>>> print(open('query36.cif').read())   # mmCIF, C-alpha atoms
data_entry
loop_
_atom_site.label_atom_id
_atom_site.label_comp_id
_atom_site.auth_asym_id
_atom_site.auth_seq_id
_atom_site.Cartn_x
_atom_site.Cartn_y
_atom_site.Cartn_z
CA MET A 15 -11.97 -20.32 20.24
CA ALA A 16 -9.99 -18.33 17.65
CA GLU A 17 -8.25 -15.13 18.83
CA SER A 18 -10.18 -12.90 16.42
CA ALA A 19 -13.55 -14.22 17.65
CA GLN A 20 -12.44 -13.76 21.26
CA THR A 21 -11.30 -10.18 20.59
CA LEU A 22 -14.58 -9.37 18.84
CA TYR A 23 -16.54 -9.67 22.11
CA GLU A 24 -13.98 -8.24 24.53
CA GLN A 25 -15.25 -5.36 26.70
CA LYS A 26 -13.70 -2.74 28.96
CA ARG A 27 -15.56 -0.14 31.01
CA VAL A 28 -14.17 3.41 30.62
CA THR A 29 -14.89 6.66 32.45
CA ILE A 30 -16.24 9.65 30.52
CA THR A 31 -14.98 13.04 31.77
CA SER A 32 -17.10 16.17 32.18
CA LYS A 33 -15.73 17.26 28.79
CA ARG A 34 -17.20 14.08 27.17
CA GLN A 35 -13.71 12.53 26.79
CA PHE A 36 -12.52 9.02 27.50
CA THR A 37 -9.38 6.98 26.91
CA ILE A 38 -9.39 4.06 24.50
CA PRO A 39 -7.80 1.12 26.34
CA GLN A 40 -4.25 0.53 25.05
CA LYS A 41 -5.00 -3.08 24.08
CA PHE A 42 -7.92 -1.97 21.88
CA TYR A 43 -6.02 1.03 20.50
CA THR A 44 -3.12 -1.15 19.39
CA ALA A 45 -5.16 -4.12 18.15
CA LEU A 46 -7.36 -1.95 15.93
CA GLY A 47 -4.56 0.24 14.54
CA PHE A 48 -5.63 3.63 15.87
CA ALA A 49 -3.36 6.59 15.16
CA ARG A 50 -4.20 10.30 15.45
CA GLU A 51 -7.80 10.25 14.17
CA ALA A 52 -10.97 8.21 14.61
CA VAL A 53 -14.40 8.12 12.97
CA CYS A 54 -17.47 8.03 15.21
CA THR A 55 -20.83 6.74 13.97
CA ILE A 56 -24.12 5.72 15.51
CA GLN A 57 -25.25 2.21 14.56
CA GLY A 58 -28.25 0.49 16.06
CA GLY A 59 -28.26 2.67 19.17
CA ALA A 60 -24.51 2.21 19.78
CA LEU A 61 -21.57 4.55 19.34
CA VAL A 62 -19.01 2.91 17.04
CA ILE A 63 -15.47 4.33 17.01
CA LYS A 64 -13.11 3.19 14.26
CA PRO A 65 -9.58 4.23 13.32
CA VAL A 66 -9.31 6.45 10.26
CA VAL A 67 -8.04 4.43 7.30
CA TYR A 68 -6.51 6.44 4.49
CA ALA A 69 -7.08 5.38 0.90
CA PRO A 70 -3.98 4.05 -0.87
CA GLY A 71 -2.29 6.83 -2.81
CA GLY A 72 -4.16 9.47 -0.86
CA ASP A 73 -1.02 10.33 1.03
CA PHE A 74 1.32 10.44 -2.00
CA SER A 75 3.19 7.31 -0.85
CA GLU A 76 3.63 5.87 -4.33
CA HIS A 77 4.89 9.19 -5.69
CA ILE A 78 7.33 9.62 -2.82
CA LEU A 79 8.66 6.06 -3.23
CA ALA A 80 9.01 6.43 -7.00
CA ASP A 81 11.01 9.64 -6.55
CA LEU A 82 13.25 8.10 -3.89
CA ILE A 83 13.96 5.02 -6.00
CA ALA A 84 14.73 7.24 -8.99
CA GLU A 85 17.14 9.17 -6.76
CA GLY A 86 18.95 5.91 -5.94
CA PHE A 87 17.75 5.26 -2.39
CA SER A 88 17.43 1.65 -1.22
CA GLY A 89 17.30 -0.45 1.94
CA GLU A 90 17.29 1.29 5.31
CA GLU A 91 18.27 4.58 3.68
CA LEU A 92 15.10 4.38 1.51
CA LEU A 93 12.91 3.74 4.56
CA THR A 94 14.47 6.58 6.55
CA GLU A 95 14.14 9.11 3.73
CA PHE A 96 10.59 7.95 2.93
CA LYS A 97 9.50 8.62 6.52
CA LEU A 98 11.12 12.07 6.47
CA ARG A 99 9.43 13.09 3.22
CA GLN A 100 6.07 11.56 4.10
CA ALA A 101 6.04 13.56 7.34
CA LYS A 102 6.32 16.78 5.29
CA VAL A 103 3.21 16.12 3.16
CA ARG A 104 0.49 16.95 5.69
CA PRO A 105 2.06 20.26 6.86
CA ALA A 106 2.60 21.27 3.21
CA VAL A 107 -1.05 20.56 2.33
CA LYS A 108 -2.23 22.49 5.41
CA ALA A 109 -0.06 25.46 4.41
CA MET A 110 -1.43 25.36 0.85
CA LEU A 111 -5.01 25.30 2.16
CA LYS A 112 -4.28 28.23 4.48
CA ASP A 113 -2.80 30.20 1.56
CA ALA A 114 -5.76 29.31 -0.67
CA LYS A 115 -8.25 30.50 1.96
CA ALA A 116 -6.34 33.76 2.38
CA ALA A 117 -6.29 34.25 -1.39
CA ALA A 118 -10.04 33.58 -1.56
CA ARG A 119 -10.52 36.40 0.97
CA GLY A 120 -8.29 38.65 -1.16
CA GLU A 121 -5.50 38.57 1.41
CA GLY A 122 -1.86 37.66 0.95
CA GLU A 123 -0.07 36.81 -2.25
CA TYR A 124 -1.74 34.78 -4.96
CA ALA A 125 -1.45 34.08 -8.68
CA THR A 126 -4.21 34.63 -11.17
CA TYR A 127 -5.49 31.95 -13.54
CA GLU A 128 -3.74 33.67 -16.45
CA GLU A 129 -0.44 33.80 -14.58
CA ILE A 130 -0.55 30.08 -13.98
CA PHE A 131 -2.10 28.78 -17.21
CA GLY A 132 -1.65 31.66 -19.63
CA ALA A 133 -4.30 33.76 -21.32
CA GLU A 134 -7.22 31.92 -22.90
CA GLU A 135 -7.26 32.06 -26.67
#
>>> encode(input="query36.cif", output="structure tokens")
Amino acid sequence: MAESAQTLYEQKRVTITSKRQFTIPQKFYTALGFAREAVCTIQGGALVIKPVVYAPGGDFSEHILADLIAEGFSGEELLTEFKLRQAKVRPAVKAMLKDAKAAARGEGEYATYEEIFGAEE
């Protein structure tokens, strides 16, 4: 039997805590590519838990790589710098969202439409 077919039907009993939490077995976690987030759905009376898969380009990877190549990075140096810059994207987006929410409440510093795009003619 092929490995993928064998894996498809593999089972493991897990304990659910009083806080409705359980641990995904390491073998399953690794084989399915889980990271920090999962998506839970109900299908045919079963709970299905899948790793979150990000759409290509949704994390600015191509833009980061293009910039690094233009800056002359290559090889291991390219990979190292890519990881450093990619790790900064999510915190930067979170900070921007926090600032936008504060501005929507009229708190903190913000720029007006005219300040950013100029007065409409």
>>> resolve_selection(input="query36.cif", expression="the PyMOL selection byres ((chain A and resi 98-110) around 8)", output="PyMOL selection string")
chain A and resi 73-75+78+94-97+111-114
>>> residues_around(input="query36.cif", residues="Lys26 in chain A", least_positions_apart="4", cutoff="12 Å", atoms="only C-alpha atoms", output="list in words")
Thr21, Phe36, Thr37, Ile38, Pro39, Gln40, Lys41 and Phe42 of chain A
>>> closest_residue(input="query36.cif", among="A:Gly132, A:Gly89, A:Gly59, A:Pro65", to="Leu46 in chain A", atoms="all atoms listed in the file")
A:Pro65
>>> residues_around(input="query36.cif", residues="Gly47 in chain A", least_positions_apart="6", cutoff="10 Å", atoms="all atoms listed in the file", output="VMD selection string")
chain A and resid 64 to 67
>>> atom_distance(input="query36.cif", atom1="CA of Arg34 in chain A", atom2="CA of Ala49 in chain A")
19.8 Å
